[in-house]
>>> print(open('entry.cif').read())   # mmCIF, C-alpha atoms
data_work
loop_
_atom_site.label_atom_id
_atom_site.label_comp_id
_atom_site.auth_asym_id
_atom_site.auth_seq_id
_atom_site.Cartn_x
_atom_site.Cartn_y
_atom_site.Cartn_z
CA MET A 1096 -12.01 11.68 -80.18
CA PRO A 1097 -10.52 15.19 -79.73
CA GLU A 1098 -12.72 17.77 -78.06
CA GLN A 1099 -14.57 19.92 -80.55
CA LYS A 1100 -14.57 23.59 -79.60
CA ARG A 1101 -16.18 26.51 -81.36
CA ASP A 1102 -14.06 29.37 -82.56
CA TYR A 1103 -13.70 31.89 -79.72
CA TYR A 1104 -14.55 34.83 -81.98
CA GLU A 1105 -17.70 32.98 -83.07
CA VAL A 1106 -18.61 32.31 -79.42
CA LEU A 1107 -18.53 36.04 -78.63
CA GLY A 1108 -20.06 37.02 -81.97
CA VAL A 1109 -17.24 39.38 -82.98
CA SER A 1110 -14.82 39.64 -85.87
CA LYS A 1111 -11.19 38.57 -85.61
CA GLY A 1112 -10.07 42.19 -85.60
CA ALA A 1113 -12.44 43.21 -82.80
CA SER A 1114 -11.17 45.86 -80.39
CA ASP A 1115 -10.90 45.39 -76.62
CA ASP A 1116 -14.06 47.47 -76.13
CA GLU A 1117 -15.99 45.36 -78.64
CA LEU A 1118 -14.85 42.18 -76.89
CA LYS A 1119 -15.85 43.53 -73.50
CA LYS A 1120 -19.26 44.68 -74.73
CA ALA A 1121 -19.99 41.32 -76.37
CA TYR A 1122 -18.84 39.44 -73.28
CA ARG A 1123 -20.98 41.47 -70.88
CA LYS A 1124 -24.06 40.95 -73.04
CA LEU A 1125 -23.62 37.17 -73.30
CA ALA A 1126 -22.53 36.71 -69.68
CA LYS A 1127 -25.69 38.49 -68.56
CA GLN A 1128 -27.80 36.41 -70.98
CA TYR A 1129 -26.49 33.01 -69.83
CA HIS A 1130 -25.61 33.74 -66.16
CA PRO A 1131 -26.44 30.65 -64.01
CA ASP A 1132 -28.22 32.82 -61.44
CA LEU A 1133 -30.78 33.74 -64.10
CA HIS A 1134 -31.14 30.12 -65.29
CA PRO A 1135 -31.01 27.89 -62.19
CA GLY A 1136 -30.68 24.23 -63.11
CA ASP A 1137 -30.30 24.97 -66.85
CA LYS A 1138 -27.26 22.91 -67.89
CA GLU A 1139 -27.27 24.32 -71.42
CA ALA A 1140 -27.13 27.92 -70.16
CA GLU A 1141 -24.41 26.95 -67.69
CA ALA A 1142 -22.35 25.39 -70.50
CA LYS A 1143 -22.75 28.48 -72.68
CA PHE A 1144 -21.77 30.73 -69.74
CA LYS A 1145 -18.57 28.71 -69.27
CA GLU A 1146 -17.88 28.82 -73.02
CA VAL A 1147 -18.31 32.61 -73.10
CA ASN A 1148 -16.01 33.06 -70.10
CA GLU A 1149 -13.37 30.78 -71.62
CA ALA A 1150 -13.46 32.68 -74.91
CA TYR A 1151 -13.19 36.09 -73.23
CA GLU A 1152 -10.40 34.94 -70.91
CA VAL A 1153 -8.27 34.08 -73.92
CA LEU A 1154 -9.17 36.94 -76.27
CA SER A 1155 -8.90 39.63 -73.58
CA ASP A 1156 -5.28 38.59 -72.89
CA LYS A 1157 -2.98 39.96 -75.61
CA GLU A 1158 -0.43 37.16 -75.27
CA LYS A 1159 -3.01 34.37 -75.28
CA ARG A 1160 -4.89 36.00 -78.15
CA ALA A 1161 -1.71 36.13 -80.26
CA LYS A 1162 -1.10 32.41 -79.64
CA TYR A 1163 -4.73 31.59 -80.42
CA ASP A 1164 -4.65 33.59 -83.67
CA GLN A 1165 -1.52 31.71 -84.75
CA PHE A 1166 -2.18 28.17 -83.53
CA GLY A 1167 -5.90 28.03 -82.73
CA HIS A 1168 -7.12 26.19 -79.62
CA ALA A 1169 -3.90 24.20 -79.37
CA GLY A 1170 -2.00 27.44 -78.84
CA VAL A 1171 -3.78 28.18 -75.55
CA ASP A 1172 -4.78 24.71 -74.34
CA PRO A 1173 -2.03 22.08 -74.48
CA ASN A 1174 -4.55 19.35 -73.69
CA PHE A 1175 -6.77 20.20 -76.66
CA GLY A 1176 -7.12 17.13 -78.85
CA ALA A 1177 -4.24 15.35 -77.11
CA GLY A 1178 -4.84 11.67 -76.82
CA GLY A 1179 -1.33 10.26 -76.94
CA PHE A 1180 0.09 8.06 -79.64
CA GLY A 1181 0.58 4.87 -77.63
CA GLY A 1182 3.73 4.07 -79.64
CA GLY A 1183 6.19 5.35 -82.21
CA PHE A 1184 5.62 6.75 -85.67
CA GLY A 1185 5.76 3.87 -88.15
CA GLY A 1186 8.86 4.07 -90.38
CA PHE A 1187 10.54 6.85 -88.32
CA ASP A 1188 13.16 6.39 -85.64
CA MET A 1189 12.34 8.93 -82.93
CA GLY A 1190 15.33 7.88 -80.84
CA ASP A 1191 15.54 9.39 -77.36
CA ILE A 1192 13.28 12.36 -78.14
CA ASP A 1193 10.87 13.91 -75.64
CA LEU A 1194 7.67 14.72 -77.49
CA GLY A 1195 6.61 16.94 -74.57
CA ASP A 1196 9.65 19.16 -75.15
CA ILE A 1197 8.96 19.45 -78.88
CA PHE A 1198 5.31 20.43 -78.60
CA GLY A 1199 5.89 22.41 -75.45
CA SER A 1200 8.25 24.71 -77.38
CA PHE A 1201 5.44 25.42 -79.83
CA PHE A 1202 2.44 25.62 -77.56
CA GLY A 1203 3.83 26.41 -74.12
CA GLY A 1204 2.62 23.18 -72.49
CA GLY A 1205 3.02 19.42 -72.22
CA PHE A 1206 1.98 16.83 -74.76
CA GLY A 1207 0.69 13.30 -74.57
CA GLY A 1208 1.66 12.60 -70.95
CA GLY A 1209 0.90 15.79 -69.08
CA GLY A 1210 3.48 17.92 -67.33
CA GLY A 1211 4.76 21.17 -68.82
CA SER A 1212 3.14 24.35 -67.56
CA ARG A 1213 0.26 22.43 -65.98
CA ARG A 1214 2.34 20.49 -63.47
CA SER A 1215 0.92 20.75 -59.99
CA ASN A 1216 4.08 22.11 -58.33
CA GLY A 1217 4.02 25.36 -60.33
CA PRO A 1218 2.25 28.54 -59.19
CA MET A 1219 -1.51 28.18 -59.60
CA LYS A 1220 -4.17 30.86 -59.31
CA GLY A 1221 -6.79 30.30 -56.62
CA GLU A 1222 -10.42 29.37 -57.12
CA THR A 1223 -12.83 31.92 -58.54
CA LEU A 1224 -15.74 32.33 -56.13
CA ARG A 1225 -19.28 33.52 -56.86
CA ALA A 1226 -21.83 35.25 -54.69
CA SER A 1227 -25.01 37.27 -55.22
CA VAL A 1228 -26.70 40.31 -53.69
CA SER A 1229 -30.11 41.94 -54.09
CA ILE A 1230 -30.43 45.73 -54.09
CA THR A 1231 -33.23 48.26 -54.51
CA PHE A 1232 -33.90 50.35 -57.60
CA GLU A 1233 -32.47 53.45 -55.90
CA GLU A 1234 -29.37 51.59 -54.66
CA ALA A 1235 -28.67 50.47 -58.21
CA ALA A 1236 -29.05 54.03 -59.45
CA PHE A 1237 -26.79 55.73 -56.92
CA GLY A 1238 -24.54 52.91 -55.70
CA CYS A 1239 -24.29 51.40 -52.23
CA GLU A 1240 -22.27 49.12 -50.00
CA LYS A 1241 -23.38 45.60 -49.10
CA GLU A 1242 -21.94 43.09 -46.67
CA ILE A 1243 -21.65 39.50 -47.87
CA THR A 1244 -20.52 36.32 -46.13
CA LEU A 1245 -18.53 33.73 -48.02
CA SER A 1246 -16.46 30.62 -47.39
CA ARG A 1247 -13.04 30.55 -49.05
CA THR A 1248 -9.65 28.87 -48.74
CA GLU A 1249 -6.84 30.94 -47.27
CA ASN A 1250 -3.19 30.28 -46.59
CA CYS A 1251 -2.75 28.52 -43.27
CA ASP A 1252 -1.57 30.99 -40.60
CA THR A 1253 0.38 28.28 -38.78
CA CYS A 1254 2.59 27.10 -41.65
CA LYS A 1255 2.26 30.21 -43.87
CA GLY A 1256 1.07 28.05 -46.73
CA THR A 1257 4.04 25.64 -46.79
CA GLY A 1258 2.08 22.66 -45.43
CA CYS A 1259 4.95 21.81 -43.07
CA ALA A 1260 4.78 21.72 -39.29
CA PRO A 1261 6.48 24.73 -37.66
CA GLY A 1262 10.25 24.30 -37.51
CA THR A 1263 10.34 21.76 -40.35
CA THR A 1264 10.79 21.97 -44.09
CA ALA A 1265 9.79 19.82 -47.04
CA GLU A 1266 12.26 17.52 -48.78
CA VAL A 1267 12.90 17.97 -52.47
CA CYS A 1268 11.60 14.87 -54.22
CA PRO A 1269 14.60 12.64 -55.07
CA ASP A 1270 12.91 11.11 -58.10
CA CYS A 1271 11.96 14.27 -60.00
CA HIS A 1272 14.39 16.67 -58.26
CA GLY A 1273 11.58 19.11 -57.56
CA SER A 1274 10.22 19.36 -61.09
CA GLY A 1275 7.10 17.31 -60.38
CA THR A 1276 7.57 15.30 -63.57
CA VAL A 1277 9.67 12.33 -64.68
CA ARG A 1278 10.58 11.00 -68.11
CA ILE A 1279 9.57 7.50 -69.11
CA GLN A 1280 10.95 5.72 -72.15
CA ARG A 1281 8.40 3.75 -74.11
CA GLY A 1282 8.71 1.26 -76.93
CA GLY A 1283 12.04 0.08 -78.27
CA GLY A 1284 14.31 0.14 -81.26
CA ALA A 1285 12.96 2.23 -84.12
CA PHE A 1286 9.78 2.91 -82.11
CA SER A 1287 11.44 4.20 -78.96
CA PHE A 1288 10.54 7.63 -77.60
CA THR A 1289 10.33 9.38 -74.25
CA THR A 1290 7.26 10.95 -72.65
CA THR A 1291 6.92 13.17 -69.61
CA THR A 1292 4.48 12.24 -66.87
CA THR A 1293 3.59 13.23 -63.31
CA CYS A 1294 6.06 12.00 -60.72
CA PRO A 1295 4.38 9.11 -58.84
CA LYS A 1296 6.48 9.57 -55.71
CA CYS A 1297 5.42 13.16 -54.92
CA ASN A 1298 2.24 13.21 -57.05
CA GLY A 1299 3.61 16.11 -59.08
CA LYS A 1300 4.26 18.39 -56.09
CA GLY A 1301 8.04 18.26 -56.39
CA LYS A 1302 8.44 17.90 -52.64
CA LEU A 1303 7.79 15.46 -49.81
CA ILE A 1304 6.32 16.65 -46.53
CA HIS A 1305 7.32 14.27 -43.73
CA GLN A 1306 5.83 16.34 -40.89
CA PRO A 1307 2.65 17.97 -42.13
CA CYS A 1308 1.10 20.97 -40.39
CA LYS A 1309 -1.59 19.82 -37.95
CA ASP A 1310 -3.88 22.76 -38.67
CA CYS A 1311 -4.12 22.29 -42.44
CA GLY A 1312 -3.11 18.63 -42.76
CA GLY A 1313 -0.21 19.52 -45.03
CA SER A 1314 -2.30 21.24 -47.69
CA GLY A 1315 -1.06 24.72 -46.76
CA ALA A 1316 -4.61 26.10 -46.88
CA VAL A 1317 -7.65 26.21 -44.60
CA ARG A 1318 -11.27 27.16 -45.26
CA LYS A 1319 -12.62 30.18 -43.40
CA GLN A 1320 -15.84 32.19 -43.22
CA ARG A 1321 -15.30 35.83 -44.12
CA LYS A 1322 -17.48 38.93 -44.18
CA LEU A 1323 -16.68 41.42 -46.92
CA THR A 1324 -18.05 44.88 -47.60
CA VAL A 1325 -18.73 45.18 -51.31
CA LYS A 1326 -19.03 48.54 -53.04
CA ILE A 1327 -21.77 48.43 -55.69
CA PRO A 1328 -21.13 51.10 -58.35
CA ALA A 1329 -23.79 53.64 -59.29
CA GLY A 1330 -25.69 52.73 -62.45
CA ILE A 1331 -25.30 48.96 -62.21
CA ASP A 1332 -28.11 47.04 -63.91
CA ASN A 1333 -29.94 43.83 -63.09
CA GLY A 1334 -27.86 40.73 -63.92
CA GLN A 1335 -24.53 42.52 -64.06
CA ALA A 1336 -21.66 41.45 -61.81
CA VAL A 1337 -19.02 43.11 -59.67
CA SER A 1338 -15.53 41.58 -59.82
CA LEU A 1339 -13.20 41.76 -56.82
CA ARG A 1340 -9.72 40.67 -57.81
CA GLY A 1341 -7.78 38.67 -55.27
CA GLN A 1342 -10.81 38.02 -53.03
CA GLY A 1343 -11.34 34.42 -54.17
CA GLY A 1344 -9.61 31.25 -52.98
CA ALA A 1345 -5.94 31.24 -52.00
CA GLY A 1346 -3.40 30.49 -54.72
CA ARG A 1347 -1.11 27.46 -54.59
CA ASN A 1348 2.66 27.32 -54.68
CA GLY A 1349 2.98 31.07 -54.62
CA GLY A 1350 0.24 31.67 -57.18
CA PRO A 1351 -2.14 34.65 -56.86
CA ALA A 1352 -5.50 34.42 -55.11
CA GLY A 1353 -8.58 33.92 -57.28
CA ASP A 1354 -11.30 36.48 -57.90
CA LEU A 1355 -14.77 36.99 -56.45
CA LEU A 1356 -17.66 37.57 -58.84
CA ILE A 1357 -20.80 39.05 -57.30
CA SER A 1358 -24.00 38.83 -59.34
CA VAL A 1359 -26.38 41.74 -58.72
CA THR A 1360 -30.18 41.44 -58.73
CA VAL A 1361 -32.07 44.75 -58.84
CA LEU A 1362 -35.52 44.54 -57.24
CA PRO A 1363 -38.39 46.04 -59.30
CA HIS A 1364 -39.75 49.46 -58.32
CA GLN A 1365 -43.41 50.18 -57.63
CA PHE A 1366 -43.60 53.08 -60.11
CA PHE A 1367 -40.36 53.39 -62.09
CA LYS A 1368 -39.19 51.15 -64.91
CA ARG A 1369 -35.72 51.15 -66.44
CA ASP A 1370 -34.11 50.55 -69.81
CA GLY A 1371 -30.38 51.15 -69.73
CA THR A 1372 -29.91 54.61 -68.24
CA SER A 1373 -33.47 55.74 -69.06
CA VAL A 1374 -36.26 55.79 -66.47
CA PHE A 1375 -39.96 55.55 -67.40
CA LEU A 1376 -42.96 56.69 -65.38
CA GLU A 1377 -46.71 56.82 -66.04
CA HIS A 1378 -48.27 59.86 -64.32
CA PRO A 1379 -52.03 60.43 -63.91
CA VAL A 1380 -53.59 63.85 -64.60
CA THR A 1381 -57.20 64.97 -64.47
CA PHE A 1382 -59.30 65.86 -67.50
CA LEU A 1383 -59.29 69.48 -66.34
CA GLN A 1384 -55.47 69.56 -65.93
CA ALA A 1385 -54.94 68.12 -69.40
CA THR A 1386 -57.37 70.63 -70.88
CA LEU A 1387 -56.32 73.82 -69.11
CA GLY A 1388 -52.72 72.97 -68.26
CA ALA A 1389 -51.29 72.72 -64.75
CA GLU A 1390 -48.13 72.74 -62.68
CA LEU A 1391 -47.39 69.14 -61.71
CA GLU A 1392 -45.09 67.54 -59.16
CA ILE A 1393 -43.38 64.65 -60.91
CA PRO A 1394 -41.66 61.89 -58.86
CA THR A 1395 -38.06 61.16 -59.89
CA ILE A 1396 -35.31 59.07 -58.31
CA ASP A 1397 -33.92 62.37 -56.97
CA GLY A 1398 -37.24 63.42 -55.44
CA LYS A 1399 -40.19 65.44 -56.75
CA VAL A 1400 -39.67 68.11 -59.43
CA LYS A 1401 -42.13 70.68 -60.79
CA TRP A 1402 -43.28 70.48 -64.41
CA ASN A 1403 -45.66 72.76 -66.32
CA LEU A 1404 -48.16 70.64 -68.23
CA PRO A 1405 -49.19 72.48 -71.42
CA ALA A 1406 -52.87 73.17 -72.00
CA GLY A 1407 -54.53 70.75 -74.39
CA THR A 1408 -52.19 67.84 -73.58
CA GLN A 1409 -53.52 64.67 -75.19
CA PRO A 1410 -53.70 61.24 -73.48
CA SER A 1411 -50.51 59.12 -73.69
CA THR A 1412 -48.34 62.15 -74.43
CA THR A 1413 -44.74 61.55 -73.28
CA PHE A 1414 -42.36 64.28 -72.19
CA ARG A 1415 -38.74 64.13 -71.11
CA LEU A 1416 -36.94 65.28 -67.97
CA ARG A 1417 -33.30 65.63 -68.99
CA GLY A 1418 -30.67 64.28 -66.62
CA LYS A 1419 -33.18 62.63 -64.30
CA GLY A 1420 -32.40 59.07 -65.34
CA ILE A 1421 -29.81 56.52 -64.16
CA PRO A 1422 -26.14 57.51 -63.87
CA SER A 1423 -23.89 55.72 -66.35
CA VAL A 1424 -21.96 52.91 -64.67
CA ASN A 1425 -18.74 54.25 -66.22
CA GLY A 1426 -19.36 57.67 -64.69
CA ARG A 1427 -20.14 59.45 -67.97
CA GLY A 1428 -23.29 61.45 -67.30
CA ARG A 1429 -26.87 60.39 -66.65
CA GLY A 1430 -29.82 59.27 -68.68
CA ASP A 1431 -33.24 60.94 -68.91
CA GLN A 1432 -36.64 60.27 -67.40
CA TYR A 1433 -39.65 59.84 -69.69
CA VAL A 1434 -43.10 60.63 -68.28
CA THR A 1435 -46.25 59.41 -70.04
CA VAL A 1436 -49.47 61.28 -69.22
CA ASN A 1437 -52.51 59.19 -68.37
CA VAL A 1438 -55.67 61.31 -68.49
CA GLN A 1439 -58.15 60.10 -65.90
CA ILE A 1440 -61.74 60.07 -67.22
CA PRO A 1441 -64.20 60.90 -64.41
CA THR A 1442 -66.70 58.24 -63.38
CA ASN A 1443 -69.76 58.10 -61.09
CA LEU A 1444 -70.73 61.70 -61.88
CA THR A 1445 -73.60 63.35 -60.05
CA HIS A 1446 -76.58 64.76 -61.91
CA GLU A 1447 -75.24 68.31 -61.53
CA GLN A 1448 -71.83 67.28 -62.85
CA LYS A 1449 -73.36 65.58 -65.88
CA GLU A 1450 -75.43 68.69 -66.65
CA ALA A 1451 -72.31 70.82 -66.38
CA LEU A 1452 -70.53 68.54 -68.88
CA ARG A 1453 -73.49 68.70 -71.26
CA ALA A 1454 -73.39 72.48 -71.04
CA TYR A 1455 -69.68 72.32 -71.85
CA GLY A 1456 -70.44 70.08 -74.83
CA GLU A 1457 -73.06 72.50 -76.15
CA ALA A 1458 -70.64 75.40 -75.78
CA MET A 1459 -68.02 73.44 -77.73
CA GLY A 1460 -70.53 72.31 -80.38
CA GLU A 1461 -70.16 68.73 -79.22
CA ILE A 1462 -73.85 67.95 -78.49
CA PRO A 1463 -74.06 64.15 -78.66
CA PRO A 1464 -76.77 62.87 -81.02
CA GLY A 1465 -79.67 60.73 -79.83
CA PRO A 1466 -79.77 57.00 -80.66
CA ALA A 1467 -81.75 57.42 -83.92
CA ASP A 1468 -79.73 60.44 -85.01
CA GLY A 1469 -76.55 58.48 -84.41
CA VAL A 1470 -77.63 55.61 -86.69
CA LYS A 1471 -78.76 58.04 -89.39
CA SER A 1472 -75.51 59.96 -89.22
CA PHE A 1473 -73.54 56.73 -89.57
CA PHE A 1474 -75.34 55.63 -92.76
CA ASP A 1475 -75.12 59.17 -94.21
CA LYS A 1476 -71.36 59.02 -93.92
CA ARG A 1477 -71.30 55.59 -95.59
CA LYS A 1478 -73.33 56.92 -98.55
CA LYS A 1479 -71.05 59.91 -99.01
CA LYS A 1480 -67.98 57.65 -99.23
CA LYS A 1481 -69.64 55.64 -102.01
#
>>> encode(input="entry.cif", output="structure tokens")
Amino acid sequence: MPEQKRDYYEVLGVSKGASDDELKKAYRKLAKQYHPDLHPGDKEAEAKFKEVNEAYEVLSDKEKRAKYDQFGHAGVDPNFGAGGFGGGFGGFDMGDIDLGDIFGSFFGGGFGGGGGSRRSNGPMKGETLRASVSITFEEAAFGCEKEITLSRTENCDTCKGTGCAPGTTAEVCPDCHGSGTVRIQRGGGAFSFTTTTTCPKCNGKGKLIHQPCKDCGGSGAVRKQRKLTVKIPAGIDNGQAVSLRGQGGAGRNGGPAGDLLISVTVLPHQFFKRDGTSVFLEHPVTFLQATLGAELEIPTIDGKVKWNLPAGTQPSTTFRLRGKGIPSVNGRGRGDQYVTVNVQIPTNLTHEQKEALRAYGEAMGEIPPGPADGVKSFFDKRKKKK
């Protein structure tokens, strides 16, 4: 059965006419939602993450997107739904026709027997690597540099990626003449047609190495441990990733190196909380400060700032400190800090303190009723409402 794939626009949740910015925004949201680092061992999340990446890889490339819009999945994946025919088309003489050439001209790849643009002797991009780092709240706000260690394949220094021992060269495969593919005629008579398949002599490489390099065993690549200094941009949020192009595995046959994706985990702060570029803080004040007003020192990610608390401030009042939030990751300004006032009610008062509060209550006309008066007052109010 052919593989069933969802529409790429449906995967990202955008319309067919979505702009590049809309695609990028949708991708970032879904990639963060399904990132494997946030769902360890969750196969469903991992599958969705791969599906989101596949959709964005196609739709973010103008050429691939144009092919996808015209031909669907077959326009960008020559193996989509291909299962071979196993014979000719009944009632039609295909003659000496290469089906791979026909469909390759439409879709830019092989058909039925492999080959085409996916042959292994063509340039291939290197492996995409993944790593993760943990940073503090302040490091996320202002940016930082972190050193990571990773293992990746690199071109062999001895053979310069050729796979051949120094002083030797590879032989062009005599069977496929360097193409990596050969044509095989199948069937006969009215049901005869030709398919393209991987060359069995060179395994699709297009060349034969008789004296392989001793350091890499003829592969042209070796695995090495590397330390890299990664620049984390200011304003990055928890679950976002930093992409370093060309820092992944080495490419093959002259192809470019892969990329390195670094997932960032932001550690929680003891006092501050974050939502986008906004910072939130709960700040305690005394009953006297809330009543009479006071000059406060408010903690921010930049340090302490002075703030005049208005007299008569009520509990849970929130005020804003403009420009004291998180810098935007794209460098366009900063968010604000929101401070919520928590009025601290005094406890364990002394006798003198209680008397002073009662005197305050009398002066304000707030003399609390006795137990019996309180019950009477409650029922009086109920009668008035009726």
>>> atom_distance(input="entry.cif", atom1="CA of Val1153 (chain A)", atom2="CA of Lys1124 (chain A)")
17.2 Å
>>> resolve_selection(input="entry.cif", expression="the PyMOL selection byres ((chain A and resi 1266) around 6)", output="compact mmCIF listing (two decimals) with C-alpha atoms, keeping the file's coordinate frame")
# COMPACT_ATOMS: atom_id res chain seq x y z
CA ALA A 1265 9.79 19.82 -47.04
CA VAL A 1267 12.90 17.97 -52.47
CA LYS A 1302 8.44 17.90 -52.64
CA LEU A 1303 7.79 15.46 -49.81
>>> resolve_selection(input="entry.cif", expression="the PyMOL selection byres ((chain A and resi 1318-1328) around 9)", output="PyMOL selection string")
chain A and resi 1234-1251+1316-1317+1329-1331+1337+1339+1344+1357+1359+1424-1425
>>> closest_residue(input="entry.cif", among="A:Glu1149, A:Thr1293, A:Gln1335, A:Asp1270", to="Arg1123 (chain A)", atoms="all atoms listed in the file")
A:Gln1335
>>> residues_around(input="entry.cif", residues="Gly1420 (chain A)", least_positions_apart="6", cutoff="10 Å", atoms="all atoms listed in the file", output="list in words")
Ala1236, Gly1330, Arg1369, Asp1370, Gly1371, Thr1372, Ser1373, Val1374, Phe1375, Thr1395, Ile1396, Asp1397, Gly1428, Arg1429, Gly1430, Asp1431, Gln1432 and Tyr1433 of chain A
>>> resolve_selection(input="entry.cif", expression="the PyMOL selection byres ((chain A and resi 1386) around 9)", output="MDAnalysis selection string")
chainID A and resid 1381:1385 1387:1389 1405:1409
>>> closest_residue(input="entry.cif", among="A:Leu1356, A:Leu1362, A:Leu1107, A:Cys1271", to="Gly1341 (chain A)", atoms="all atoms listed in the file")
A:Leu1356
>>> decode(input="entry.cif", residues="region 1243-1258 of chain A", atoms="N, CA and C atoms", output="PDB file, in the first residue's frame")
ATOM      1  N   ILE A1243      29.744  23.238  24.186  1.00  0.00           N
ATOM      2  CA  ILE A1243      29.149  21.904  24.113  1.00  0.00           C
ATOM      3  C   ILE A1243      30.160  20.941  23.487  1.00  0.00           C
ATOM      4  N   THR A1244      30.011  19.681  23.822  1.00  0.00           N
ATOM      5  CA  THR A1244      30.851  18.627  23.248  1.00  0.00           C
ATOM      6  C   THR A1244      29.964  17.699  22.439  1.00  0.00           C
ATOM      7  N   LEU A1245      30.362  17.404  21.219  1.00  0.00           N
ATOM      8  CA  LEU A1245      29.566  16.520  20.387  1.00  0.00           C
ATOM      9  C   LEU A1245      30.476  15.609  19.577  1.00  0.00           C
ATOM     10  N   SER A1246      29.903  14.506  19.136  1.00  0.00           N
ATOM     11  CA  SER A1246      30.597  13.559  18.271  1.00  0.00           C
ATOM     12  C   SER A1246      29.996  13.668  16.877  1.00  0.00           C
ATOM     13  N   ARG A1247      30.819  13.891  15.875  1.00  0.00           N
ATOM     14  CA  ARG A1247      30.313  14.034  14.511  1.00  0.00           C
ATOM     15  C   ARG A1247      31.292  13.444  13.504  1.00  0.00           C
ATOM     16  N   THR A1248      30.808  13.116  12.318  1.00  0.00           N
ATOM     17  CA  THR A1248      31.673  12.640  11.242  1.00  0.00           C
ATOM     18  C   THR A1248      32.282  13.836  10.528  1.00  0.00           C
ATOM     19  N   GLU A1249      33.568  13.694  10.196  1.00  0.00           N
ATOM     20  CA  GLU A1249      34.277  14.729   9.453  1.00  0.00           C
ATOM     21  C   GLU A1249      35.062  14.073   8.336  1.00  0.00           C
ATOM     22  N   ASN A1250      35.363  14.842   7.294  1.00  0.00           N
ATOM     23  CA  ASN A1250      36.175  14.304   6.212  1.00  0.00           C
ATOM     24  C   ASN A1250      37.530  13.855   6.747  1.00  0.00           C
ATOM     25  N   CYS A1251      37.956  12.696   6.306  1.00  0.00           N
ATOM     26  CA  CYS A1251      39.230  12.136   6.736  1.00  0.00           C
ATOM     27  C   CYS A1251      40.376  13.052   6.297  1.00  0.00           C
ATOM     28  N   ASP A1252      41.248  13.418   7.247  1.00  0.00           N
ATOM     29  CA  ASP A1252      42.378  14.291   6.920  1.00  0.00           C
ATOM     30  C   ASP A1252      43.404  13.589   6.032  1.00  0.00           C
ATOM     31  N   THR A1253      43.491  12.278   6.148  1.00  0.00           N
ATOM     32  CA  THR A1253      44.510  11.543   5.390  1.00  0.00           C
ATOM     33  C   THR A1253      44.181  11.480   3.902  1.00  0.00           C
ATOM     34  N   CYS A1254      42.920  11.152   3.593  1.00  0.00           N
ATOM     35  CA  CYS A1254      42.549  10.989   2.173  1.00  0.00           C
ATOM     36  C   CYS A1254      41.729  12.158   1.647  1.00  0.00           C
ATOM     37  N   LYS A1255      41.467  13.162   2.515  1.00  0.00           N
ATOM     38  CA  LYS A1255      40.686  14.344   2.120  1.00  0.00           C
ATOM     39  C   LYS A1255      39.274  13.987   1.664  1.00  0.00           C
ATOM     40  N   GLY A1256      38.756  12.898   2.217  1.00  0.00           N
ATOM     41  CA  GLY A1256      37.385  12.517   1.916  1.00  0.00           C
ATOM     42  C   GLY A1256      37.211  11.626   0.710  1.00  0.00           C
ATOM     43  N   THR A1257      38.300  11.257   0.030  1.00  0.00           N
ATOM     44  CA  THR A1257      38.173  10.415  -1.178  1.00  0.00           C
ATOM     45  C   THR A1257      37.982   8.952  -0.840  1.00  0.00           C
ATOM     46  N   GLY A1258      38.482   8.518   0.334  1.00  0.00           N
ATOM     47  CA  GLY A1258      38.413   7.112   0.708  1.00  0.00           C
ATOM     48  C   GLY A1258      39.571   6.290   0.178  1.00  0.00           C
TER      49      GLY A1258
END
